[in-house]
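What follows is a short report on a single structure.
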Amino acid sequence: SELEFGHTGIGQEDLEAFAEYLTTPYAENLSRLNLSNNPQVTAALPGLFEAMENGSSESMKTLLMEGVSLARKEIEGLARWLLCEKAAKLRALILRCNLLDEGAFRVLLETMIDARCPRLNALDFSSNLIGSFTEADWLPLLSKDGEEIVFEQVDFSFNPLSDNDMRLLLMFLSRFSHLEKTRRMAFAGNQITAETFNFLFKAIPEAVSSLSFLSIDSCSLQGVGPYFADFLASRAASQLTSLSLRDCGLTKRDVLQILDGLDQGACAMLSTLRLDGNPEIDNQFVQRILQSIGEKQSLPSLTRLEAGYTQINGEGVEMFLKFFKEHATRLQSLDLSSINISSEEKDLYKQQMKEFFSGHCSFYFVFLNTFSRKNE
């Protein structure tokens with residue numbers, strides 16, 4: 001059975017009453033519990049976890065607690081439940097927007113490598129306060145014996161993680177998990193630089209990995225080109241179907257080096273490439289990506305390309321049009337939102353795209369005096 005309390009406004013007394021229900025036989029088949037976005041329940045969480053530990057429910061597979069504050073006390077209660085037999089079937093734990101700090105996060109990781117903890121497939125700890133790691137605090141954790149953990153999905157987004165924090169976290173993941181089994185990985189709004197991806201790509205074994213989705217948004221990654229070039233040319237990237245590097249401050253050299261990596265042919269399964277919001281992308285990128293798609297055929301599966309909010313201008317659009325006139329393409333979606341063309345040019349190119357491109361081309365236009373986004 002499943003219980004959905006998300007966004008219901010329940011409070012401490014409500015959750016205390018629900019905790020009593022968990023001690024009855026009626027809760028034994030509960031497999032999914034959603035307590036998300038009820039900030040008033042925090043004080044009752046230790047009692048809830050105790051009831052889950054001592055109650056009748058042994059079928060829980062998914063626990064969602066997005067938008068509920070979790071300090072050290074609450075995390076320690078959660079940890080005790082995770083280590084009891086009642087949590088054995090848990091596979092997904094969503095801890096998003098919980099004000100989770102570094103200390104509480106470390107307790108959670110230490111719990112996960114305990115043999116008694118269920119093997120989780122998905123861990124989402126985005127939008128928390130995880131950061132400012134101290135090496136002296138992490139070394140005892142890294143020296144522990146522990147069970148292997150495998151996260152098919154892991155989301156680092158919107159935490160104040162630095163390069164040093166990611167170095168220590170990747171040391172933990174390399175020690176206790178097989179990163180090549182991770183399928184989806186996301187970063188957004190972190191305080192990381194290109195150096196994090198030097199650490200990350202070294203941590204992923206060169207053999208074929210399962211990574212199919214890699215998303216990095218709104219991070220400052222100038223100089224990341226060589227790291228991505230090597231990774232994208234390796235077998236470790238052979239399963240990649242979606243790559244996003246949006247609003248990352250990529251230099252022109254970074255972008256060309258990324259294309260150099262893609263041109264090695266290892267990413268034959270890549271279907272989505274999102275590079276919008278990197279202002280140094282210009283017509284030279286258009287020329288290179290069309291060579292990759294056409295002449296070099298290094299991106300045979302690419303169906304979606306996003307390059308909006310860049311310095312591509314009318315000349316670049318003409319390159320796309322010429323290519324579509326002369327070549328069959330698997331490309332189905334092309335996003336050129338708010339590139340360097342006038343409103344009048346946009347209308348003209350929109351009509352020409354309809355004539356020569358069988359897919360969908362977006363020409364959203366931003367009026368600079370209002371900063372509003374309109375679909376004209």
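Naming works like this for the structure tokens: A, B, ... for the chains as they're shown, residue 1 at the start of each chain, ligands 1 onward in shown order.
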Polymer residues at most 9 Å from Ser358 (chain A), only C-alpha atoms, same-chain spacing of 5 or more positions, as a list in words: Phe324, Thr329, Leu331, Gln332 and Met353 of chain A
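Neighbouring residues of Ala207 (chain A) at 9 Å or closer, counting only C-alpha atoms and skipping chain neighbours under 6 positions away, are Glu180, Ser234, Arg235 and Ala236 of chain A.
CA of Leu259 (chain A) lies 12.1 Å from CA of Ile281 (chain A).
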May I have a table of the residues of region 183-225 of chain A lying at most 12 Å from region 119-142 of chain A, giving each one's closest pair of atoms and their distance in Å to one decimal, counting only C-alpha atoms, ordered by chain and ascending residue number, as JSON lines?
{"residue": "A:Arg183", "atom": "CA", "partner": "A:Ala122", "partner_atom": "CA", "distance": 10.0}
{"residue": "A:Arg184", "atom": "CA", "partner": "A:Ala122", "partner_atom": "CA", "distance": 9.4}
{"residue": "A:Met185", "atom": "CA", "partner": "A:Asp124", "partner_atom": "CA", "distance": 10.1}
{"residue": "A:Ala186", "atom": "CA", "partner": "A:Ser126", "partner_atom": "CA", "distance": 9.2}
{"residue": "A:Phe187", "atom": "CA", "partner": "A:Ser126", "partner_atom": "CA", "distance": 8.7}
{"residue": "A:Ala188", "atom": "CA", "partner": "A:Ser126", "partner_atom": "CA", "distance": 8.9}
{"residue": "A:Gly189", "atom": "CA", "partner": "A:Ser127", "partner_atom": "CA", "distance": 9.2}
{"residue": "A:Asn190", "atom": "CA", "partner": "A:Gly131", "partner_atom": "CA", "distance": 9.5}
{"residue": "A:Gln191", "atom": "CA", "partner": "A:Gly131", "partner_atom": "CA", "distance": 9.3}
{"residue": "A:Ile192", "atom": "CA", "partner": "A:Gly131", "partner_atom": "CA", "distance": 10.8}
Contacts of Glu76 (chain A) at 10 Å (only C-alpha atoms; same-chain gap of 2+ positions) as a ChimeraX atom specification: /A:46,49,70-74,78-82,104,107-108,111
Put those residues in a file: N, CA and C atoms, as a compact mmCIF listing (two decimals), in the first residue's frame.
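Final output, part32.txt:
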# COMPACT_ATOMS: atom_id res chain seq x y z
N PRO A 46 11.63 11.80 15.15
CA PRO A 46 12.27 10.74 15.95
C PRO A 46 11.28 9.68 16.41
N PHE A 49 10.37 7.44 13.34
CA PHE A 49 11.39 6.45 13.01
C PHE A 49 11.42 5.32 14.04
N LEU A 70 15.85 18.17 8.54
CA LEU A 70 16.46 17.01 9.19
C LEU A 70 17.81 17.41 9.77
N ALA A 71 17.86 17.56 11.09
CA ALA A 71 19.12 17.83 11.77
C ALA A 71 19.74 16.50 12.23
N ARG A 72 20.82 16.59 12.97
CA ARG A 72 21.55 15.39 13.40
C ARG A 72 20.62 14.42 14.15
N LYS A 73 19.78 14.94 15.02
CA LYS A 73 18.90 14.09 15.83
C LYS A 73 17.97 13.27 14.94
N GLU A 74 17.37 13.91 13.96
CA GLU A 74 16.44 13.21 13.07
C GLU A 74 17.18 12.18 12.20
N LEU A 78 16.65 8.16 11.77
CA LEU A 78 16.52 7.52 10.47
C LEU A 78 17.55 6.40 10.32
N ALA A 79 18.78 6.66 10.79
CA ALA A 79 19.85 5.66 10.68
C ALA A 79 19.50 4.40 11.47
N ARG A 80 18.96 4.56 12.65
CA ARG A 80 18.60 3.38 13.44
C ARG A 80 17.55 2.54 12.72
N TRP A 81 16.58 3.20 12.07
CA TRP A 81 15.59 2.45 11.31
C TRP A 81 16.23 1.74 10.12
N LEU A 82 17.14 2.43 9.42
CA LEU A 82 17.78 1.83 8.25
C LEU A 82 18.56 0.57 8.62
N ALA A 104 25.42 15.60 9.43
CA ALA A 104 24.30 14.66 9.26
C ALA A 104 24.50 13.80 8.02
N VAL A 107 26.87 10.98 8.81
CA VAL A 107 26.19 9.91 9.55
C VAL A 107 25.41 9.02 8.60
N LEU A 108 24.77 9.64 7.62
CA LEU A 108 23.98 8.88 6.65
C LEU A 108 24.88 7.97 5.81
N THR A 111 26.08 5.02 7.77
CA THR A 111 25.00 4.04 7.91
C THR A 111 24.88 3.18 6.67
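The residues of region 141-311 of chain A that DSSP assigns to strand (DSSP E) on this backbone come out as A:Gln153, A:Val154, A:Asp155, A:Arg184, A:Met185, A:Ala186, A:Phe187, A:Ala188, A:Phe213, A:Leu214, A:Ser215, A:Ile216, A:Asp217, A:Ser242, A:Leu243, A:Ser244, A:Leu245, A:Arg246, A:Thr272, A:Leu273, A:Arg274, A:Arg304, A:Leu305, A:Glu306.
Shortest separation to Gln287 (chain A) among A:Asp260, A:Glu20, A:Phe320, A:Gly308 occurs at residue A:Phe320, atoms counted being only C-alpha atoms.
As for CA of Lys322 (chain A) and CA of Glu280 (chain A), they are spaced 22.8 Å apart.
Distance-wise, CA of Glu58 (chain A) and CA of Ser31 (chain A) end up 8.1 Å apart.
Distance annotation: of A:Glu295, A:Asp263, A:Asp247, A:Asp347, the residue with the minimal separation from Ala307 (chain A) is A:Asp247; atom set is only C-alpha atoms.
For the set A:Asn313, A:Asn98, A:Ser59, A:Ser157, the residue with the smallest atom-to-atom gap to Arg32 (chain A) is A:Ser59, counting only C-alpha atoms.
Using only C-alpha atoms, the nearest neighbour of Pro226 (chain A) within the list A:Ala51, A:Leu348, A:Val255, A:Leu99 is A:Val255.
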Secondary structure check, alpha helix (DSSP H) residues of region 118-319 of chain A, as a ChimeraX atom specification: /A:135-142,163-176,194-203,225-232,252-262,283-293,314-319
Surrounding residues of Gly11 (chain A) excluding itself and chain neighbours under 3 positions, 9 Å, only C-alpha atoms, as a PyMOL selection string: chain A and resi 14-16+38-44
Just N, CA, C and O atoms for this one: save the residues we selected as a PDB file, in the first residue's frame.
ATOM      1  N   ASP A  14      -0.342  15.331  14.095  1.00  0.00           N
ATOM      2  CA  ASP A  14      -0.810  14.411  13.046  1.00  0.00           C
ATOM      3  C   ASP A  14       0.189  13.274  12.837  1.00  0.00           C
ATOM      4  O   ASP A  14      -0.190  12.102  12.724  1.00  0.00           O
ATOM      5  N   LEU A  15       1.482  13.631  12.792  1.00  0.00           N
ATOM      6  CA  LEU A  15       2.482  12.603  12.556  1.00  0.00           C
ATOM      7  C   LEU A  15       2.630  11.685  13.764  1.00  0.00           C
ATOM      8  O   LEU A  15       2.899  10.488  13.614  1.00  0.00           O
ATOM      9  N   GLU A  16       2.460  12.236  14.949  1.00  0.00           N
ATOM     10  CA  GLU A  16       2.495  11.394  16.150  1.00  0.00           C
ATOM     11  C   GLU A  16       1.367  10.370  16.122  1.00  0.00           C
ATOM     12  O   GLU A  16       1.555   9.208  16.500  1.00  0.00           O
ATOM     13  N   ASN A  38       6.039  19.108   4.269  1.00  0.00           N
ATOM     14  CA  ASN A  38       5.263  19.358   5.486  1.00  0.00           C
ATOM     15  C   ASN A  38       6.241  19.781   6.580  1.00  0.00           C
ATOM     16  O   ASN A  38       6.642  18.972   7.425  1.00  0.00           O
ATOM     17  N   PRO A  39       6.659  21.040   6.586  1.00  0.00           N
ATOM     18  CA  PRO A  39       7.754  21.469   7.476  1.00  0.00           C
ATOM     19  C   PRO A  39       7.425  21.402   8.961  1.00  0.00           C
ATOM     20  O   PRO A  39       8.341  21.469   9.788  1.00  0.00           O
ATOM     21  N   GLN A  40       6.152  21.243   9.312  1.00  0.00           N
ATOM     22  CA  GLN A  40       5.777  21.244  10.730  1.00  0.00           C
ATOM     23  C   GLN A  40       5.952  19.885  11.401  1.00  0.00           C
ATOM     24  O   GLN A  40       5.709  19.759  12.602  1.00  0.00           O
ATOM     25  N   VAL A  41       6.385  18.869  10.638  1.00  0.00           N
ATOM     26  CA  VAL A  41       6.434  17.517  11.221  1.00  0.00           C
ATOM     27  C   VAL A  41       7.781  17.171  11.841  1.00  0.00           C
ATOM     28  O   VAL A  41       7.919  16.116  12.475  1.00  0.00           O
ATOM     29  N   THR A  42       8.770  18.041  11.732  1.00  0.00           N
ATOM     30  CA  THR A  42      10.133  17.686  12.135  1.00  0.00           C
ATOM     31  C   THR A  42      10.217  17.163  13.562  1.00  0.00           C
ATOM     32  O   THR A  42      10.876  16.151  13.836  1.00  0.00           O
ATOM     33  N   ALA A  43       9.559  17.839  14.492  1.00  0.00           N
ATOM     34  CA  ALA A  43       9.664  17.446  15.904  1.00  0.00           C
ATOM     35  C   ALA A  43       9.147  16.035  16.153  1.00  0.00           C
ATOM     36  O   ALA A  43       9.556  15.380  17.127  1.00  0.00           O
ATOM     37  N   ALA A  44       8.265  15.541  15.285  1.00  0.00           N
ATOM     38  CA  ALA A  44       7.683  14.212  15.482  1.00  0.00           C
ATOM     39  C   ALA A  44       8.463  13.117  14.753  1.00  0.00           C
ATOM     40  O   ALA A  44       8.131  11.928  14.899  1.00  0.00           O
TER      41      ALA A  44
END
For Tyr364 (chain A), the nearest of the candidates A:Cys84, A:Leu250, A:Ile341, A:Cys219, counting only C-alpha atoms: A:Ile341
